[in-house]
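Okay, upload.cif is below, mmCIF, C-alpha atoms:
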```cif
data_my_file
#
loop_
_atom_site.label_atom_id
_atom_site.label_comp_id
_atom_site.auth_asym_id
_atom_site.auth_seq_id
_atom_site.Cartn_x
_atom_site.Cartn_y
_atom_site.Cartn_z
CA MET A 214 86.01 87.46 53.92
CA HIS A 215 88.45 90.24 53.09
CA ARG A 216 91.42 89.52 50.88
CA ASN A 217 94.80 89.27 52.57
CA VAL A 218 97.14 92.25 52.21
CA ARG A 219 100.21 90.50 50.80
CA ALA A 220 102.44 93.56 51.08
CA LEU A 221 101.84 93.67 54.83
CA SER A 222 102.71 89.99 55.21
CA ARG A 223 105.85 90.45 53.12
CA GLY A 224 106.94 93.49 55.09
CA LEU A 225 106.51 91.60 58.35
CA ALA A 226 108.49 88.71 56.88
CA LEU A 227 111.40 91.08 56.22
CA ILE A 228 111.21 92.44 59.77
CA GLY A 229 111.15 88.87 61.08
CA GLN A 230 114.25 87.90 59.12
CA LEU A 231 116.17 91.00 60.21
CA ASN A 232 115.14 90.34 63.80
CA ALA A 233 116.25 86.70 63.65
CA GLY A 234 119.42 87.06 61.60
CA GLY A 235 120.62 90.61 62.12
CA PRO A 236 121.69 93.06 59.39
CA MET A 237 121.45 91.69 55.83
CA THR A 238 121.75 92.71 52.22
CA VAL A 239 118.81 92.65 49.84
CA VAL A 240 120.21 89.53 48.19
CA GLN A 241 120.27 87.72 51.53
CA LEU A 242 116.77 88.89 52.44
CA ALA A 243 115.38 87.89 49.06
CA ARG A 244 116.86 84.43 49.42
CA ARG A 245 115.53 83.93 52.95
CA THR A 246 112.03 85.24 52.29
CA GLY A 247 111.57 83.91 48.77
CA LEU A 248 110.75 87.40 47.49
CA ASN A 249 112.36 88.94 44.41
CA ARG A 250 114.85 91.73 44.92
CA THR A 251 112.66 94.42 43.39
CA THR A 252 109.87 93.64 45.87
CA CYS A 253 112.37 93.60 48.75
CA TYR A 254 113.76 97.00 47.76
CA ARG A 255 110.27 98.50 47.53
CA LEU A 256 109.21 97.15 50.91
CA LEU A 257 112.49 98.12 52.59
CA ASP A 258 112.18 101.66 51.24
CA THR A 259 108.74 101.90 52.82
CA LEU A 260 110.04 100.55 56.12
CA ARG A 261 112.89 103.06 55.99
CA GLU A 262 110.49 105.93 55.46
CA ASP A 263 108.42 104.77 58.42
CA GLY A 264 111.51 104.52 60.61
CA TYR A 265 111.62 100.76 61.17
CA VAL A 266 114.66 99.97 59.00
CA THR A 267 117.94 101.72 58.34
CA LEU A 268 120.46 101.26 55.50
CA ASP A 269 124.22 101.24 55.84
CA GLU A 270 124.97 102.57 52.36
CA THR A 271 128.68 101.72 52.62
CA ASN A 272 127.98 98.00 52.97
CA ALA A 273 124.48 97.95 51.43
CA VAL A 274 123.20 96.29 54.61
CA PHE A 275 119.75 96.80 56.09
CA SER A 276 119.05 96.56 59.82
CA LEU A 277 116.22 97.24 62.23
CA THR A 278 115.92 100.46 64.21
CA PRO A 279 114.86 100.74 67.88
CA GLN A 280 111.44 101.86 66.64
CA VAL A 281 110.61 98.21 65.94
CA ARG A 282 110.31 97.77 69.71
CA THR A 283 107.16 99.89 69.64
CA LEU A 284 105.46 97.03 67.80
CA SER A 285 105.74 94.81 70.87
CA GLU A 286 105.81 97.21 73.82
CA GLY A 287 102.06 96.99 74.24
CA VAL A 288 102.15 93.23 74.60
CA SER A 289 102.35 92.25 78.27
CA SER A 290 103.35 88.89 79.69
CA ARG A 291 99.72 88.32 80.52
CA ASP A 292 98.70 88.99 76.93
CA LEU A 293 101.24 86.40 75.86
CA SER A 294 100.00 83.94 78.46
CA SER A 295 96.44 84.25 77.16
CA GLN A 296 97.62 83.73 73.60
CA ALA A 297 99.52 80.65 74.71
CA ALA A 298 96.62 79.23 76.72
CA LEU A 299 93.65 79.52 74.39
CA PRO A 300 94.70 77.12 71.58
CA GLU A 301 95.46 74.38 74.09
CA MET A 302 92.21 75.04 75.93
CA PHE A 303 90.32 74.38 72.71
CA ASN A 304 92.34 71.20 72.18
CA LEU A 305 91.37 70.14 75.69
CA LEU A 306 87.72 70.94 74.99
CA ASN A 307 87.81 68.74 71.90
CA GLN A 308 89.14 65.88 74.01
CA VAL A 309 86.91 66.10 77.09
CA SER A 310 83.91 68.35 76.18
CA TRP A 311 83.79 69.93 79.66
CA PRO A 312 84.72 73.66 79.76
CA SER A 313 87.91 75.08 81.21
CA ASP A 314 89.18 78.46 82.41
CA PHE A 315 92.63 80.05 82.50
CA GLY A 316 93.07 82.32 85.51
CA VAL A 317 95.76 84.57 86.96
CA PHE A 318 96.17 86.05 90.42
CA GLU A 319 95.23 89.72 90.56
CA LEU A 320 94.36 91.96 93.50
CA GLY A 321 93.57 89.21 95.96
CA SER A 322 91.56 86.87 93.74
CA VAL A 323 91.85 84.92 90.50
CA LEU A 324 90.87 86.75 87.33
CA ILE A 325 89.63 84.54 84.49
CA ARG A 326 91.53 85.60 81.39
CA GLU A 327 90.33 82.95 78.92
CA SER A 328 87.53 80.40 78.90
CA THR A 329 85.95 77.76 76.68
CA HIS A 330 82.57 77.95 78.43
CA PRO A 331 80.81 79.51 75.41
CA PHE A 332 81.85 76.53 73.27
CA SER A 333 81.16 73.62 75.61
CA PRO A 334 77.95 71.58 75.30
CA PHE A 335 78.05 71.09 79.09
CA SER A 336 78.33 74.73 80.18
CA VAL A 337 75.51 76.73 81.71
CA HIS A 338 77.55 79.94 81.41
CA ARG A 339 78.31 81.88 78.26
CA SER A 340 80.38 84.69 79.71
CA MET A 341 83.27 83.87 82.02
CA VAL A 342 86.18 86.05 80.89
CA GLY A 343 86.65 88.87 83.38
CA ARG A 344 84.94 87.08 86.26
CA ARG A 345 86.80 86.50 89.49
CA ARG A 346 87.23 83.39 91.57
CA SER A 347 88.33 82.96 95.18
CA LEU A 348 92.01 82.39 95.84
CA ILE A 349 91.02 80.22 98.81
CA ASN A 350 87.91 78.33 97.73
CA SER A 351 88.32 77.84 93.98
CA ALA A 352 90.38 75.13 92.31
CA LEU A 353 92.04 77.83 90.21
CA GLY A 354 93.19 79.70 93.32
CA ARG A 355 94.28 76.61 95.22
CA ALA A 356 96.42 75.46 92.31
CA ILE A 357 98.19 78.82 92.28
CA LEU A 358 98.70 78.84 96.05
CA ALA A 359 100.15 75.32 96.13
CA ALA A 360 102.59 76.08 93.31
CA SER A 361 103.86 79.36 94.78
CA SER A 362 106.88 79.86 97.01
CA PRO A 363 106.11 80.36 100.73
CA ALA A 364 107.04 84.04 100.49
CA LEU A 365 104.83 84.69 97.48
CA CYS A 366 102.03 82.67 99.04
CA ARG A 367 102.14 84.88 102.16
CA GLU A 368 102.04 88.03 100.05
CA MET A 369 99.05 86.82 98.06
CA LEU A 370 97.16 85.84 101.20
CA GLU A 371 97.90 89.20 102.81
CA MET A 372 96.54 90.96 99.75
CA THR A 373 93.46 88.74 99.76
CA ALA A 374 92.88 89.45 103.46
CA SER A 375 93.00 93.19 102.87
CA LEU A 376 91.13 93.43 99.55
CA VAL A 377 88.60 90.57 99.42
CA GLU A 378 86.20 90.83 102.33
CA GLU A 379 84.50 87.45 101.82
CA ASP A 380 87.87 85.64 101.88
CA ALA A 381 89.57 87.70 104.57
CA LEU A 382 89.03 85.32 107.51
CA LEU A 383 90.11 82.20 105.63
CA ALA A 384 93.15 83.99 104.19
CA LYS A 385 94.26 84.69 107.76
CA ASP A 386 93.63 81.10 108.88
CA ARG A 387 97.13 79.63 108.56
CA HIS A 388 96.08 76.07 109.38
CA PHE A 389 93.23 76.10 106.86
CA VAL A 390 95.52 77.33 104.10
CA GLU A 391 98.25 74.84 105.01
CA ASP A 392 95.71 72.01 104.84
CA ILE A 393 94.61 73.15 101.37
CA ILE A 394 98.18 73.33 100.09
CA CYS A 395 99.11 69.98 101.63
CA GLN A 396 96.05 68.25 100.15
CA THR A 397 96.66 69.78 96.72
CA LYS A 398 100.28 68.64 96.67
CA GLN A 399 99.30 65.19 97.89
CA ASP A 400 96.62 64.78 95.20
CA GLY A 401 98.73 66.28 92.41
CA TYR A 402 95.94 68.68 91.48
CA ALA A 403 93.70 71.27 93.14
CA SER A 404 89.99 70.66 93.56
CA SER A 405 86.83 72.31 94.77
CA VAL A 406 83.22 71.21 95.22
CA GLY A 407 80.76 74.09 95.27
CA GLY A 408 83.58 76.46 96.14
CA SER A 409 82.67 79.06 93.55
CA GLU A 410 79.12 78.04 92.71
CA ALA A 411 76.63 75.54 94.12
CA GLY A 412 76.47 72.33 92.13
CA ILE A 413 79.72 73.03 90.28
CA SER A 414 83.02 71.23 90.91
CA ALA A 415 86.46 71.70 89.39
CA ILE A 416 89.98 70.37 89.27
CA ALA A 417 92.94 72.57 88.36
CA LEU A 418 96.66 72.57 87.64
CA PRO A 419 99.20 75.40 87.95
CA ILE A 420 100.95 76.82 84.90
CA GLN A 421 104.59 77.65 85.49
CA GLY A 422 106.29 80.53 83.76
CA GLY A 423 109.95 80.04 84.61
CA GLY A 424 109.55 82.23 87.71
CA PRO A 425 106.47 82.93 89.83
CA VAL A 426 103.53 80.75 88.86
CA LEU A 427 101.93 82.14 85.70
CA GLY A 428 98.37 81.10 86.47
CA SER A 429 96.24 77.98 86.49
CA LEU A 430 93.98 75.91 84.26
CA ASN A 431 90.81 74.27 85.52
CA LEU A 432 88.24 71.82 84.25
CA ILE A 433 84.63 72.51 85.28
CA PHE A 434 81.90 69.89 85.68
CA PHE A 435 78.60 69.33 87.48
CA SER A 436 78.99 67.95 90.99
CA THR A 437 76.25 65.43 90.24
CA SER A 438 78.17 64.10 87.24
CA MET A 439 81.35 63.04 89.05
CA THR A 440 83.61 63.70 91.98
CA PRO A 441 86.97 65.50 91.59
CA GLU A 442 88.68 62.13 92.08
CA VAL A 443 86.77 60.60 89.18
CA ALA A 444 87.42 63.68 87.03
CA ALA A 445 91.14 63.41 87.78
CA ARG A 446 91.24 59.75 86.79
CA ARG A 447 89.49 60.51 83.53
CA TYR A 448 90.97 63.83 82.49
CA LEU A 449 94.14 64.70 84.42
CA VAL A 450 96.41 63.27 81.73
CA ASN A 451 94.74 65.51 79.13
CA MET A 452 95.02 68.52 81.40
CA LYS A 453 98.71 67.91 82.08
CA GLN A 454 99.39 67.74 78.37
CA ALA A 455 97.54 71.02 77.85
CA VAL A 456 99.54 72.68 80.63
CA ARG A 457 102.84 71.48 79.17
CA GLU A 458 101.91 72.91 75.77
CA ILE A 459 100.78 76.22 77.29
CA GLU A 460 104.09 76.51 79.15
CA ARG A 461 105.99 75.72 75.96
CA ARG A 462 104.02 78.25 73.92
CA TRP A 463 104.40 80.93 76.58
CA SER A 464 108.15 80.36 76.86
CA ALA A 465 108.61 80.61 73.08
CA ALA A 466 106.48 83.76 72.83
CA ASN A 467 108.27 85.39 75.76
CA LYS A 468 111.68 84.66 74.24
CA ALA A 469 110.58 86.11 70.91
CA ARG A 470 109.35 89.23 72.67
CA GLY A 471 112.66 89.54 74.50
CA LYS A 472 114.57 89.48 71.22
CA MET A 473 112.51 92.43 69.99
CA ARG A 474 113.62 94.57 72.95
#
```
Just dump the structure as structure tokens.
Amino acid sequence: MHRNVRALSRGLALIGQLNAGGPMTVVQLARRTGLNRTTCYRLLDTLREDGYVTLDETNAVFSLTPQVRTLSEGVSSRDLSSQAALPEMFNLLNQVSWPSDFGVFELGSVLIRESTHPFSPFSVHRSMVGRRRSLINSALGRAILAASSPALCREMLEMTASLVEEDALLAKDRHFVEDIICQTKQDGYASSVGGSEAGISAIALPIQGGGPVLGSLNLIFFSTSMTPEVAARRYLVNMKQAVREIERRWSAANKARGKMR
């Protein structure tokens, strides 16, 4: 294990305080961060030289410069969603042992962004991140479809029909899709039996992001172990709690990112 770089942590603490509270004097920053004034001056001088902080010499007040935005510009909403999802996915794994995936709609199918498959005692897969699942036949995709507005749903299906050959016919089958959405809403969760892989079943819930659906979270299990109905009775409460926490984490991270802009 490498030793922590305390100066880096302290410098970030100063940036965090200036971001949260606006321009401040060294005395104010020292009080809020618990650092002594000499350390604050030294760190602020470094941040000034690097262009992240400016000093109003008339009022002896430090403030952030627009360059601080470069520290967060590379972080996309999807990066934030993955960061929000993974801790709760591990909490879910600790509760139920079966693996789960977090997926987002992309180019006509569902892209798995995070997964606990490598850590589950019941998983036969060790590499799931980056794999794609059907928007039509997977629980992940059905959860997203059922939670989307009619207009967005149409757009996703049109993209699937044009980009995903194996799903094109079903994506154009309006009655089939309506039946899927109706059943999902009636059940309160999406499900699939052998939809993505023979012998594998799943249930899934959508994850809302304050606008279009952010993605979905599934729970994977062997079809011989239980039906989706049994899985829902056993684990849906745990999954709903995980989804609520993911949504809360994502909202908080997105707001913090917005303040940096």
### Query
Got a sec to check which residues sit within 7 Å of (123.8, 94.2, 54.1), counting only C-alpha atoms, and write them as a PyMOL selection string?
chain A and resi 236-239+272-275
### Task
For Ala445 in chain A, work out the shell of residues within 8 Å, counting all atoms listed in the file and skipping chain neighbours fewer than 4 positions away, then give it as a list in words.
Ile416, Pro441 and Leu449 of chain A
### Query
Any idea what's packed within 6 Å of Leu370 in chain A, counting all atoms listed in the file, ignoring anything in its chain fewer than 3 positions away? Could you give it as a PyMOL selection string?
chain A and resi 367+373+384
## Note on the structure
Here CA of Val309 in chain A and CA of Val443 in chain A stand apart by 13.3 Å
### Query
Which residues come within 12 Å of Asp263 in chain A, counting all atoms listed in the file, excluding same-chain residues fewer than 2 positions away, as an MDAnalysis selection string?
chainID A and resid 224 256:261 265:267 277:278 280:281
Could you spell out the hits of the PyMOL selection byres ((chain A and resi 321-326) around 6) on the shown file, as an mmCIF file with C-alpha atoms, keeping the file's coordinate frame?
```
data_model
loop_
_atom_site.group_PDB
_atom_site.id
_atom_site.type_symbol
_atom_site.label_atom_id
_atom_site.label_comp_id
_atom_site.auth_asym_id
_atom_site.auth_seq_id
_atom_site.Cartn_x
_atom_site.Cartn_y
_atom_site.Cartn_z
ATOM 1 C CA PHE A 315 92.630 80.050 82.500
ATOM 2 C CA GLY A 316 93.070 82.320 85.510
ATOM 3 C CA VAL A 317 95.760 84.570 86.960
ATOM 4 C CA PHE A 318 96.170 86.050 90.420
ATOM 5 C CA GLU A 319 95.230 89.720 90.560
ATOM 6 C CA LEU A 320 94.360 91.960 93.500
ATOM 7 C CA GLU A 327 90.330 82.950 78.920
ATOM 8 C CA VAL A 342 86.180 86.050 80.890
ATOM 9 C CA GLY A 343 86.650 88.870 83.380
ATOM 10 C CA ARG A 344 84.940 87.080 86.260
ATOM 11 C CA ARG A 345 86.800 86.500 89.490
ATOM 12 C CA ARG A 346 87.230 83.390 91.570
ATOM 13 C CA SER A 347 88.330 82.960 95.180
ATOM 14 C CA LEU A 348 92.010 82.390 95.840
ATOM 15 C CA MET A 372 96.540 90.960 99.750
ATOM 16 C CA THR A 373 93.460 88.740 99.760
#
```
### Message
Let me make sure I understand: among A:Leu306, A:Leu376, A:Ala381, A:Leu353, which one has the smallest atom-to-atom distance to Leu418 in chain A if we use all atoms listed in the file?
### Response
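Of the candidates, the smallest distance to Leu418 in chain A is held by A:Leu353.
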### Task
Specify as a PyMOL selection string each residue included when the PyMOL selection byres ((chain A and resi 414) around 10) is applied to this file.
chain A and resi 351-352+404-413+415-416+431-441+444
### Task
Kindly give the distance, in Å, that separates CA of Val337 in chain A and CA of Pro312 in chain A, rounded to a single decimal.
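Result for CA of Val337 in chain A versus CA of Pro312 in chain A: 9.9 Å, one decimal.
CA of Leu225 in chain A sits 16.4 Å away from CA of Thr251 in chain A.
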### Residue nearest Pro425 in chain A among A:Thr397, A:Ser328, A:Ser361, A:Gln296 (counting all atoms listed in the file)
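Of all the options, A:Ser361 lies closest to Pro425 in chain A.
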### Task
Go through the shown structure with the PyMOL selection byres ((chain A and resi 357) around 7) and write out the matching residues as a PyMOL selection string.
chain A and resi 353-356+358-361+419+426+428-429
### Query
If you count all atoms listed in the file, which residues fall within 12 Å of Gln308 in chain A, apart from same-chain ones fewer than 2 positions away, as a list in words?
Glu301, Met302, Phe303, Asn304, Leu305, Leu306, Ser310, Trp311, Pro312, Ser313, Ser333, Leu432, Arg447, Tyr448, Leu449, Val450, Asn451, Met452, Gln454 and Ala455 of chain A
### Task
Find, counting all atoms listed in the file, the residue in A:Ile394, A:Leu242, A:Cys366, A:Ile349 that gets nearest to Leu382 in chain A.
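Distance minimum relative to Leu382 in chain A lands on A:Ile349.
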